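Listing of upload35.cif; format and content: mmCIF, C-alpha atoms.
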```cif
data_query
#
loop_
_atom_site.label_atom_id
_atom_site.label_comp_id
_atom_site.auth_asym_id
_atom_site.auth_seq_id
_atom_site.Cartn_x
_atom_site.Cartn_y
_atom_site.Cartn_z
CA MET Y 28 71.64 23.38 -4.49
CA ILE Y 29 73.17 21.17 -1.76
CA ALA Y 30 75.74 19.90 -4.23
CA LEU Y 31 76.55 23.45 -5.28
CA GLY Y 32 76.86 24.53 -1.65
CA GLY Y 33 79.11 21.58 -0.86
CA ALA Y 34 81.30 22.25 -3.86
CA THR Y 35 81.60 25.91 -2.88
CA GLY Y 36 82.59 24.96 0.67
CA LEU Y 37 85.28 22.57 -0.55
CA ILE Y 38 86.67 25.07 -3.05
CA LEU Y 39 86.77 27.79 -0.40
CA ALA Y 40 88.55 25.49 2.08
CA ALA Y 41 91.13 24.57 -0.56
CA PHE Y 42 91.66 28.21 -1.47
CA GLN Y 43 92.00 29.45 2.09
CA ASP Y 44 95.80 29.29 2.07
CA ASN Y 45 96.45 30.10 -1.55
CA VAL Y 46 94.07 33.00 -1.92
CA THR Y 47 95.61 35.03 0.88
CA TYR Y 48 97.31 37.86 -0.93
CA PHE Y 49 99.70 38.84 1.87
CA TYR Y 50 100.90 37.85 5.33
CA GLY Y 51 100.82 40.07 8.40
CA PRO Y 52 104.07 40.77 10.30
CA SER Y 53 103.12 38.29 13.05
CA ASP Y 54 102.35 35.51 10.53
CA LEU Y 55 105.69 36.10 8.90
CA HIS Y 56 107.53 36.19 12.22
CA ALA Y 57 106.06 32.84 13.22
CA GLN Y 58 106.92 31.07 9.98
CA THR Y 59 110.68 30.69 9.62
CA ALA Y 60 110.06 28.62 6.48
CA MET Y 61 109.43 31.89 4.66
CA VAL Y 62 113.10 32.88 4.99
CA GLY Y 63 115.14 32.66 1.83
CA THR Y 64 114.60 33.08 -1.85
CA ARG Y 65 110.82 32.69 -1.95
CA LEU Y 66 108.96 35.81 -3.08
CA ILE Y 67 106.42 36.72 -0.40
CA ARG Y 68 104.13 39.63 0.40
CA LEU Y 69 104.09 41.41 3.73
CA GLY Y 70 101.10 43.59 4.64
CA GLY Y 71 100.78 45.96 7.59
CA LEU Y 72 101.03 49.57 8.73
CA VAL Y 73 104.09 51.75 8.16
CA THR Y 74 105.22 52.48 11.72
CA PRO Y 75 104.96 56.26 12.32
CA GLY Y 76 108.42 57.80 12.71
CA SER Y 77 110.21 54.82 11.19
CA VAL Y 78 110.67 56.07 7.62
CA ARG Y 79 114.32 56.91 6.78
CA HIS Y 80 115.49 58.03 3.35
CA ASP Y 81 119.24 57.66 2.85
CA ALA Y 82 121.50 59.60 0.49
CA THR Y 83 121.51 56.88 -2.18
CA GLY Y 84 117.72 57.04 -2.62
CA ALA Y 85 117.00 53.88 -0.67
CA ILE Y 86 114.27 53.90 1.95
CA GLN Y 87 113.96 52.02 5.23
CA PHE Y 88 110.94 51.70 7.48
CA THR Y 89 109.21 49.13 9.63
CA VAL Y 90 105.87 47.47 8.98
CA GLY Y 91 103.91 46.51 12.05
CA ASP Y 92 100.57 45.11 13.20
CA GLY Y 93 100.66 46.25 16.84
CA LYS Y 94 102.48 43.12 17.98
CA THR Y 95 105.38 42.51 15.62
CA GLU Y 96 107.43 44.94 13.56
CA ILE Y 97 109.48 43.93 10.55
CA PRO Y 98 112.16 46.21 9.08
CA VAL Y 99 111.77 46.77 5.34
CA HIS Y 100 114.43 47.97 2.88
CA TYR Y 101 113.32 49.29 -0.49
CA ARG Y 102 114.64 51.20 -3.47
CA GLY Y 103 112.17 52.33 -6.10
CA ILE Y 104 108.97 54.22 -6.80
CA LEU Y 105 106.50 54.62 -3.95
CA PRO Y 106 102.73 54.87 -4.59
CA ASP Y 107 101.07 58.24 -3.89
CA LEU Y 108 99.31 56.90 -0.81
CA PHE Y 109 102.55 55.76 0.87
CA ARG Y 110 102.94 57.59 4.20
CA GLU Y 111 103.53 56.86 7.86
CA GLY Y 112 100.62 55.03 9.42
CA GLN Y 113 99.37 53.87 6.00
CA GLY Y 114 98.54 50.26 5.25
CA ILE Y 115 100.97 48.92 2.65
CA ILE Y 116 101.91 45.64 1.01
CA ALA Y 117 105.60 44.96 0.36
CA GLU Y 118 106.58 42.27 -2.12
CA GLY Y 119 110.04 40.78 -1.68
CA ARG Y 120 112.13 38.40 0.38
CA ILE Y 121 112.96 38.10 4.06
CA ASN Y 122 116.43 37.09 5.23
CA ALA Y 123 117.53 35.13 8.29
CA ASN Y 124 118.04 38.38 10.25
CA GLY Y 125 114.37 39.20 9.76
CA ILE Y 126 115.02 42.05 7.33
CA PHE Y 127 112.56 42.26 4.46
CA THR Y 128 114.00 43.47 1.16
CA ALA Y 129 111.12 44.71 -0.98
CA THR Y 130 111.07 44.79 -4.78
CA THR Y 131 107.61 46.41 -4.97
CA ILE Y 132 105.58 48.52 -2.55
CA LEU Y 133 101.79 48.74 -2.96
CA ALA Y 134 99.61 51.05 -0.87
CA LYS Y 135 96.39 49.75 0.61
CA HIS Y 136 93.61 52.16 1.34
CA ASP Y 137 90.70 51.51 3.64
CA GLU Y 138 86.98 51.76 3.08
CA THR Y 139 86.65 55.29 4.54
CA TYR Y 140 85.99 58.19 2.18
CA MET Y 141 85.57 61.81 3.33
CA PRO Y 142 86.40 65.35 2.23
CA PRO Y 143 89.70 66.79 3.59
CA GLU Y 144 87.84 69.44 5.63
CA VAL Y 145 85.87 66.74 7.43
CA ALA Y 146 89.08 64.86 8.24
CA ASP Y 147 90.61 68.11 9.58
CA ALA Y 148 87.50 68.86 11.65
CA LEU Y 149 87.54 65.35 13.15
CA LYS Y 150 91.20 65.77 14.05
CA ARG Y 151 90.53 69.16 15.67
CA ALA Y 152 87.56 67.83 17.61
CA GLY Y 153 89.63 64.90 18.87
CA THR Y 154 87.18 62.34 17.48
CA TRP Y 155 89.66 61.15 14.84
CA ARG Y 156 90.06 57.42 15.12
CA GLY Y 157 93.66 57.47 13.99
CA GLU Y 158 95.05 56.71 10.60
CA PRO Y 159 93.08 54.02 8.83
CA GLN Y 160 93.59 50.64 10.40
CA ASP Y 161 94.73 47.92 8.09
CA LYS Y 162 92.78 44.68 8.27
CA SER Y 163 95.89 42.71 9.21
CA ALA Y 164 96.50 45.01 12.15
CA GLY Y 165 93.13 46.11 13.43
CA PRO Y 166 90.72 43.91 15.35
CA LYS Y 167 88.54 41.76 13.12
CA GLN Y 168 85.06 43.14 12.84
CA MET J 4 41.70 34.95 -15.35
CA THR J 5 43.91 36.17 -12.54
CA ILE J 6 46.93 38.27 -13.29
CA THR J 7 50.02 36.50 -11.99
CA PHE J 8 53.72 36.45 -12.71
CA HIS J 9 52.96 33.77 -15.29
CA HIS J 10 50.64 36.19 -17.01
CA PHE J 11 53.62 38.38 -17.83
CA ALA J 12 55.79 35.41 -18.78
CA ASN J 13 54.13 35.56 -22.17
CA PRO J 14 56.77 37.34 -24.31
CA THR J 15 54.24 39.27 -26.41
CA ARG J 16 52.50 40.65 -23.35
CA ALA J 17 55.81 41.37 -21.58
CA LEU J 18 57.03 43.15 -24.69
CA ARG J 19 54.01 45.45 -24.65
CA VAL J 20 54.75 46.42 -21.03
CA ALA J 21 58.45 46.88 -21.84
CA LYS J 22 57.66 49.09 -24.83
CA ALA J 23 55.44 51.33 -22.72
CA LEU J 24 58.13 51.50 -20.03
CA LEU J 25 61.00 52.46 -22.36
CA PRO J 26 60.40 56.26 -22.68
CA PHE J 27 60.21 56.63 -18.88
CA SER J 28 63.31 54.51 -18.40
CA LEU J 29 65.24 56.55 -20.99
CA ALA J 30 64.16 59.81 -19.35
CA ALA J 31 65.16 58.58 -15.87
CA MET J 32 68.50 57.36 -17.25
CA SER J 33 69.29 60.77 -18.79
CA VAL J 34 68.33 62.66 -15.64
CA PHE J 35 70.29 60.44 -13.24
CA LEU J 36 73.38 60.11 -15.46
CA GLY J 37 73.47 63.87 -16.12
CA TRP J 38 72.93 64.76 -12.47
CA GLY J 39 75.36 62.04 -11.37
CA LEU J 40 78.09 63.23 -13.77
CA TRP J 41 77.78 66.81 -12.58
CA LEU J 42 78.04 65.72 -8.92
CA ALA J 43 80.79 63.16 -9.56
CA LEU J 44 83.10 65.33 -11.65
CA TYR J 45 82.40 68.80 -10.30
CA ALA J 46 80.19 69.24 -7.25
CA SER J 47 81.63 66.53 -4.97
CA PRO J 48 84.70 67.09 -2.78
CA PRO J 49 88.07 65.37 -3.24
CA ASP J 50 89.02 62.67 -0.72
CA TYR J 51 91.22 63.42 2.32
CA GLN J 52 93.67 60.73 1.23
CA GLN J 53 93.10 60.08 -2.45
CA GLY J 54 92.49 63.63 -3.68
CA GLU J 55 90.75 63.97 -7.04
CA ALA J 56 91.47 60.32 -7.94
CA VAL J 57 88.50 59.36 -5.75
CA ARG J 58 86.21 60.52 -8.58
CA ILE J 59 86.93 57.24 -10.37
CA MET J 60 84.86 55.62 -7.59
CA TYR J 61 81.66 57.13 -9.04
CA VAL J 62 81.96 55.08 -12.21
CA HIS J 63 83.90 52.10 -10.85
CA VAL J 64 81.59 51.17 -7.97
CA PRO J 65 78.25 51.45 -9.88
CA ALA J 66 79.77 49.43 -12.75
CA ALA J 67 80.87 46.74 -10.28
CA TRP J 68 77.43 46.68 -8.58
CA MET J 69 75.75 46.33 -11.97
CA ALA J 70 78.16 43.55 -12.97
CA LEU J 71 76.81 41.50 -10.04
CA PHE J 72 73.17 42.64 -10.39
CA VAL J 73 72.96 41.82 -14.10
CA TYR J 74 74.44 38.39 -13.41
CA VAL J 75 71.61 37.75 -10.93
CA VAL J 76 69.15 38.73 -13.71
CA VAL J 77 70.85 36.38 -16.19
CA ALA J 78 70.85 33.52 -13.65
CA ALA J 79 67.21 34.13 -12.63
CA GLY J 80 66.13 34.18 -16.29
CA SER J 81 68.09 30.97 -16.89
CA ILE J 82 66.47 29.24 -13.90
CA SER J 83 62.96 30.20 -15.01
CA PHE J 84 63.80 28.97 -18.50
CA LEU J 85 65.30 25.63 -17.40
CA ILE J 86 62.73 24.81 -14.71
CA TRP J 87 59.46 26.33 -15.91
CA ARG J 88 60.38 26.57 -19.59
CA HIS J 89 59.51 30.24 -19.71
CA PRO J 90 60.75 31.52 -23.06
CA LEU J 91 60.77 35.03 -21.59
CA GLY J 92 63.39 33.98 -19.01
CA GLU J 93 65.76 32.96 -21.76
CA LEU J 94 65.06 36.10 -23.79
CA ILE J 95 65.77 38.34 -20.79
CA ALA J 96 68.96 36.46 -19.90
CA GLU J 97 70.15 36.65 -23.50
CA ALA J 98 69.36 40.38 -23.72
CA ALA J 99 71.01 41.17 -20.37
CA ALA J 100 74.26 39.17 -20.68
CA PRO J 101 76.16 41.54 -23.04
CA ILE J 102 75.21 44.51 -20.83
CA GLY J 103 76.54 42.66 -17.79
CA ALA J 104 79.75 41.79 -19.64
CA CYS J 105 80.12 45.48 -20.54
CA PHE J 106 79.68 46.57 -16.90
CA THR J 107 82.17 43.92 -15.72
CA ALA J 108 84.75 45.06 -18.28
CA LEU J 109 84.19 48.65 -17.13
CA ALA J 110 84.64 47.69 -13.47
CA LEU J 111 87.94 46.00 -14.36
CA VAL J 112 89.25 48.85 -16.56
CA THR J 113 88.22 51.72 -14.26
CA GLY J 114 89.54 49.74 -11.28
CA SER J 115 92.85 49.41 -13.05
CA LEU J 116 92.93 53.16 -13.75
CA TRP J 117 92.22 53.77 -10.05
CA GLY J 118 94.66 51.14 -8.79
CA GLN J 119 97.70 52.51 -10.61
CA PRO J 120 97.80 55.93 -8.89
CA MET J 121 96.48 54.76 -5.50
CA TRP J 122 97.88 51.28 -4.92
CA GLY J 123 100.84 51.60 -7.27
CA THR J 124 99.77 48.82 -9.63
CA TRP J 125 97.37 48.30 -12.54
CA TRP J 126 96.57 44.75 -11.55
CA VAL J 127 97.21 42.16 -8.82
CA TRP J 128 95.96 38.60 -8.56
CA ASP J 129 94.16 39.09 -5.25
CA ALA J 130 90.88 37.35 -4.48
CA ARG J 131 88.61 40.30 -5.39
CA LEU J 132 90.21 41.18 -8.72
CA THR J 133 90.58 37.56 -9.76
CA SER J 134 86.98 36.64 -8.92
CA VAL J 135 85.66 39.64 -10.92
CA LEU J 136 87.81 38.58 -13.88
CA ILE J 137 86.20 35.12 -13.58
CA LEU J 138 82.78 36.83 -13.65
CA PHE J 139 83.78 38.49 -16.94
CA PHE J 140 84.75 35.09 -18.38
CA LEU J 141 81.44 33.63 -17.15
CA TYR J 142 79.57 36.28 -19.15
CA LEU J 143 81.72 35.59 -22.22
CA GLY J 144 81.26 31.84 -21.70
CA TYR J 145 77.49 32.29 -21.47
CA MET J 146 77.35 34.29 -24.70
CA GLY J 147 79.78 31.97 -26.49
CA LEU J 148 78.11 28.72 -25.42
CA ARG J 149 74.77 30.01 -26.66
CA ASN J 150 76.15 30.19 -30.19
CA ALA J 151 78.41 27.12 -29.97
CA PHE J 152 75.72 24.62 -30.96
CA ASP J 153 74.02 24.18 -34.33
CA ASP J 154 70.80 23.64 -32.43
CA PRO J 155 69.93 26.94 -30.66
CA VAL J 156 67.78 25.05 -28.12
CA LYS J 157 70.79 22.98 -27.02
CA GLY J 158 72.98 26.08 -26.90
CA GLY J 159 70.37 27.88 -24.80
CA ARG J 160 70.19 25.02 -22.31
CA ALA J 161 73.97 24.66 -21.96
CA ALA J 162 74.42 28.41 -21.54
CA SER J 163 71.60 28.58 -18.95
CA LEU J 164 73.21 25.78 -16.95
CA LEU J 165 76.56 27.59 -17.01
CA ALA J 166 74.88 30.80 -15.83
CA ILE J 167 73.27 28.96 -12.89
CA ILE J 168 76.48 27.18 -11.83
CA GLY J 169 78.35 30.48 -12.12
CA THR J 170 76.25 32.03 -9.33
CA ILE J 171 78.73 30.35 -6.92
CA ASN J 172 81.07 33.16 -7.91
CA LEU J 173 78.75 35.95 -6.68
CA PRO J 174 79.17 35.45 -2.88
CA ILE J 175 82.88 34.83 -3.50
CA ILE J 176 83.18 38.25 -5.17
CA LYS J 177 81.11 40.02 -2.51
CA PHE J 178 82.87 38.51 0.51
CA SER J 179 86.36 38.00 -0.96
CA VAL J 180 87.54 41.17 0.77
CA ASP J 181 86.33 39.87 4.16
CA TRP J 182 87.36 36.23 3.86
CA TRP J 183 90.90 36.74 2.63
CA ASN J 184 93.67 39.31 2.86
CA THR J 185 93.31 41.31 -0.34
CA LEU J 186 94.82 44.48 -1.76
CA HIS J 187 91.27 45.65 -2.51
CA GLN J 188 89.66 47.40 0.48
CA PRO J 189 86.46 46.05 2.11
CA ALA J 190 82.97 47.34 1.29
CA SER J 191 82.14 50.98 2.12
CA VAL J 192 78.41 51.15 1.42
CA MET J 193 76.76 47.73 1.72
CA ARG J 194 78.21 46.72 5.07
CA LEU J 195 77.03 46.03 8.61
CA GLY J 196 77.24 49.15 10.73
CA GLY J 197 76.40 51.58 7.91
CA PRO J 198 78.43 53.23 5.17
CA THR J 199 81.93 54.54 5.91
CA ILE J 200 81.60 57.12 3.22
CA HIS J 201 80.79 60.77 3.78
CA PRO J 202 77.26 61.81 2.59
CA ASP J 203 78.80 64.36 0.16
CA MET J 204 80.39 61.40 -1.62
CA LEU J 205 77.68 58.81 -0.98
CA TRP J 206 74.97 60.83 -2.79
CA PRO J 207 76.84 61.21 -6.09
CA LEU J 208 77.60 57.49 -5.91
CA LEU J 209 73.95 56.50 -5.37
CA ILE J 210 72.68 58.88 -8.08
CA MET J 211 75.22 57.54 -10.56
CA ALA J 212 74.22 53.99 -9.55
CA ALA J 213 70.55 54.88 -10.26
CA GLY J 214 71.65 56.17 -13.70
CA PHE J 215 73.42 52.86 -14.39
CA LYS J 216 70.31 50.92 -13.27
CA PHE J 217 68.10 52.84 -15.72
CA TYR J 218 70.73 52.42 -18.43
CA PHE J 219 70.46 48.67 -17.89
CA LEU J 220 66.66 48.80 -17.97
CA SER J 221 66.61 50.90 -21.16
CA VAL J 222 69.23 48.96 -23.10
CA GLY J 223 67.77 45.73 -21.71
CA ILE J 224 64.34 46.59 -23.16
CA ILE J 225 65.89 47.60 -26.50
CA ARG J 226 67.85 44.34 -26.68
CA LEU J 227 64.78 42.35 -25.62
CA ARG J 228 62.74 43.91 -28.43
CA ASN J 229 65.55 43.07 -30.83
CA GLN J 230 65.67 39.50 -29.48
CA VAL J 231 61.93 39.04 -30.04
CA ALA J 232 62.16 40.44 -33.59
CA VAL J 233 65.10 38.14 -34.35
CA ARG J 234 63.20 35.09 -33.06
CA ARG J 235 60.21 35.97 -35.21
CA LEU J 236 62.42 36.32 -38.27
CA GLN J 237 64.17 33.06 -37.45
CA THR J 238 60.94 31.09 -37.10
CA LEU J 239 59.92 32.37 -40.50
CA SER J 240 63.30 31.24 -41.84
CA ILE J 241 63.95 34.65 -43.26
CA LEU J 242 67.10 35.02 -41.21
CA SER J 243 69.27 31.97 -41.81
CA ALA J 244 72.42 33.04 -40.00
CA SER J 245 72.50 34.40 -36.48
CA PRO J 246 72.24 38.18 -36.52
CA SER J 247 75.05 40.55 -35.71
CA SER J 248 73.28 41.82 -32.65
CA ARG J 249 74.29 38.75 -30.68
CA GLY J 250 76.89 39.05 -30.50
CA ALA J 251 84.58 70.97 -0.17
CA VAL J 252 87.64 72.24 -1.84
CA ARG J 253 85.61 72.73 -4.94
CA LEU J 254 87.24 73.00 -8.32
CA SER J 255 87.03 76.70 -9.03
CA SER J 256 88.10 77.22 -12.66
CA VAL J 257 88.40 75.30 -15.90
CA ALA J 258 92.11 74.38 -15.89
CA PRO J 259 92.18 72.65 -12.48
CA PHE J 260 88.95 70.91 -13.41
CA PHE J 261 90.72 69.24 -16.32
CA ALA J 262 93.89 68.67 -14.29
CA MET J 263 91.98 66.70 -11.61
CA GLY J 264 94.63 67.41 -8.99
CA GLY J 265 97.27 65.63 -11.06
CA TYR J 266 95.11 62.55 -11.62
CA ALA J 267 93.75 63.67 -15.02
CA PHE J 268 95.53 60.80 -16.74
CA TYR J 269 93.47 58.32 -14.70
CA VAL J 270 90.16 60.12 -14.00
CA TRP J 271 89.37 61.20 -17.57
CA PRO J 272 90.15 57.86 -19.24
CA ALA J 273 87.97 56.17 -16.59
CA TYR J 274 85.00 58.39 -17.53
CA GLY J 275 85.86 58.25 -21.23
CA VAL J 276 85.96 54.47 -21.40
CA THR J 277 82.83 54.13 -19.24
CA PHE J 278 80.59 56.47 -21.19
CA GLY J 279 82.21 55.51 -24.50
CA MET J 280 81.49 51.82 -24.00
CA LEU J 281 77.99 52.48 -22.65
CA ALA J 282 77.24 54.72 -25.65
CA ILE J 283 78.53 52.13 -28.14
CA LEU J 284 76.47 49.36 -26.55
CA PHE J 285 73.43 51.66 -26.53
CA ALA J 286 73.85 52.62 -30.20
CA THR J 287 74.45 49.07 -31.46
CA SER J 288 71.44 47.82 -29.47
CA VAL J 289 69.19 50.50 -30.96
CA VAL J 290 70.45 49.89 -34.52
CA ALA J 291 69.93 46.13 -34.26
CA MET J 292 66.45 46.55 -32.79
CA ARG J 293 65.41 49.03 -35.51
CA ARG J 294 66.72 46.79 -38.29
CA HIS J 295 64.99 43.65 -37.07
CA GLU J 296 61.72 45.31 -36.10
CA THR J 297 61.60 46.91 -39.56
CA ALA J 298 62.25 43.52 -41.14
CA VAL J 299 59.39 42.03 -39.11
CA ARG J 300 57.06 44.85 -40.16
CA ARG J 301 57.90 44.33 -43.84
CA LEU J 302 56.85 40.70 -43.68
CA PRO J 303 53.61 39.88 -45.49
CA SER J 304 50.86 40.33 -42.90
CA ALA J 305 49.70 36.72 -43.23
CA GLN J 306 53.10 35.44 -42.18
CA ASN J 307 53.43 38.10 -39.54
CA ALA J 308 50.30 36.92 -37.81
CA SER J 309 51.38 33.27 -37.69
#
```

Show me this structure written as structure tokens.
Amino acid sequence: MIALGGATGLILAAFQDNVTYFYGPSDLHAQTAMVGTRLIRLGGLVTPGSVRHDATGAIQFTVGDGKTEIPVHYRGILPDLFREGQGIIAEGRINANGIFTATTILAKHDETYMPPEVADALKRAGTWRGEPQDKSAGPKQ
Amino acid sequence: MTITFHHFANPTRALRVAKALLPFSLAAMSVFLGWGLWLALYASPPDYQQGEAVRIMYVHVPAAWMALFVYVVVAAGSISFLIWRHPLGELIAEAAAPIGACFTALALVTGSLWGQPMWGTWWVWDARLTSVLILFFLYLGYMGLRNAFDDPVKGGRAASLLAIIGTINLPIIKFSVDWWNTLHQPASVMRLGGPTIHPDMLWPLLIMAAGFKFYFLSVGIIRLRNQVAVRRLQTLSILSASPSSRGAVRLSSVAPFFAMGGYAFYVWPAYGVTFGMLAILFATSVVAMRRHETAVRRLPSAQNAS
């Protein structure tokens, strides 16, 4: 059992960096080594009011975590859950100007499930705790 | 003689208890699955974000819970077999493993059908999805290793060891969503601070989960009976080869019910594949048990008693 526990610990430590599926905006901001041709994933909340569709069908918005915001450019199909305030993961590359060009957008959803009427009632009563907080943005529980 | 756990470790005695339990387990399974289906597909509300697609949760989450639970059963049986040499432990592990593999496959397939409309992808290599895929391979490895040796005793030992080592994967699956950034969301029900799921959606989930538990108990007993019959036939050298058995906006009318708010293409296949696979596993388990128990009964009584 001790050997198994030790092995698990070592494997987990080794995986810590590689298993992370995406980076938050602040992580990405701090690591200039990410700039360039490497395919990376950026996860965070779509900043409310930042989504712009242009005439050619391209979309621009910023992804933030409360501290840092990264502008994202994308052209393609958006998942049904994509909306302002939603947690998303963008897969693509970041350039030296800090602009992230995404090739894929995935929507994250949180662990809260409720009927629409309940969500409306919470909003009316003022007890709504905002759009779901993404893990990369919200405080760690 | 005192009645202890070891008392029931005798396969013949355990089998008698299991046989008596089966009708009740089958009845409970039918009630909970029927009630659960009605709640899950019809009487529960859509989600404020996910709409009707949330209904996939009621098959996906119980299947994923059972994938982990059955693995614990397989590992516990393997431990009792390797350490205390309980033949019943091995029989239970062997009977449970294909059911666990089936639940794991269902969790992966229904998750994929849920991921496409909600996340925008069928599959990603994040920590949760990858660790559950590894669980599926552990089940397959367990079943394969068992038959990989000419000597079934050796195969049983190797497979049991694999099952025990594989338990490392269980906490990794459970906590993967907390330890690493994943696309998969964290736990909604089994978490500190209580469920983050509305009672109208939690109840269908728990009732469906109870149905899945009784399905496992019922098919587990059927497969165990088959296993015992096969062993008896094998010891009497009648069966030379290994047998095949191893191996609150409510929907108001019919049309929108089938349309599932535009998610019909994902919701219905999720339920179809779940109940289809569960029915196939159920039927093949019953057929194998019937065949081998009949073969045992046809043996000359002198041999049967030995």

Taking the file above as input, evaluate the PyMOL selection byres ((chain Y and resi 124-140) around 9) and report the hits as an MDAnalysis selection string.
(chainID Y and resid 56 62 68:70 97:110 113:123 141:142 159:162) or (chainID J and resid 50:53 57 121:124 186:192 198:201 204:205)

Take the PyMOL selection byres ((chain J and resi 25) around 9), run it mentally on this structure, and tell me the resulting residues as a PyMOL selection string.
chain J and resi 20-24+26-30+220-222+224-225

Would you translate the PyMOL selection byres ((chain Y and resi 76) around 9) into the concrete set of residues it matches in this file, as a PyMOL selection string?
chain Y and resi 73-75+77-79+88+111-112

For CA of Ile168 (chain J) and CA of Phe152 (chain J), quote the distance in Å rounded to one decimal.
19.3 Å

Quick one: residues within 8 Å of region 263-270 of chain J, all atoms listed in the file, excluding same-chain residues fewer than 6 positions away - as a list in words?
Gly54, Glu55, Ala56, Arg58, Ile59, Leu116, Trp117 and Pro120 of chain J

Write the selection just made, keeping C-alpha atoms, as a tab-separated table (two decimals), in the frame of the given file?
```tsv
chain	number	residue	atom	x	y	z
J	54	GLY	CA	92.49	63.63	-3.68
J	55	GLU	CA	90.75	63.97	-7.04
J	56	ALA	CA	91.47	60.32	-7.94
J	58	ARG	CA	86.21	60.52	-8.58
J	59	ILE	CA	86.93	57.24	-10.37
J	116	LEU	CA	92.93	53.16	-13.75
J	117	TRP	CA	92.22	53.77	-10.05
J	120	PRO	CA	97.80	55.93	-8.89
```

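Of the listed residues (J:Val34, J:Met211, J:Leu148, J:Ile86), J:Met211 comes nearest to Met60 (chain J); the distances count all atoms listed in the file.
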
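CA of Tyr61 (chain J) is positioned 22.3 Å from CA of Asp129 (chain J).
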
Rounded to one decimal place, report the CA of Thr95 (chain Y)-CA of Leu72 (chain Y) distance in Å.
10.8 Å

May I ask which of the residues J:Phe285, J:Phe178, J:Phe35, J:Phe260 is the closest one to Trp206 (chain J), counting all atoms listed in the file?
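Between J:Phe285, J:Phe178, J:Phe35, J:Phe260, the residue approaching Trp206 (chain J) most closely is J:Phe35.
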
Between J:Trp38, J:Phe219, J:Trp183, J:Trp128, smallest distance to Pro101 (chain J) by only C-alpha atoms belongs to J:Phe219

With only C-alpha atoms as the basis for distance, which of Y:Gly63, Y:Gly71, Y:Gly84, Y:Gly93 is at the shortest distance from chain J?
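Among the listed residues, Y:Gly71 lies closest to chain J.
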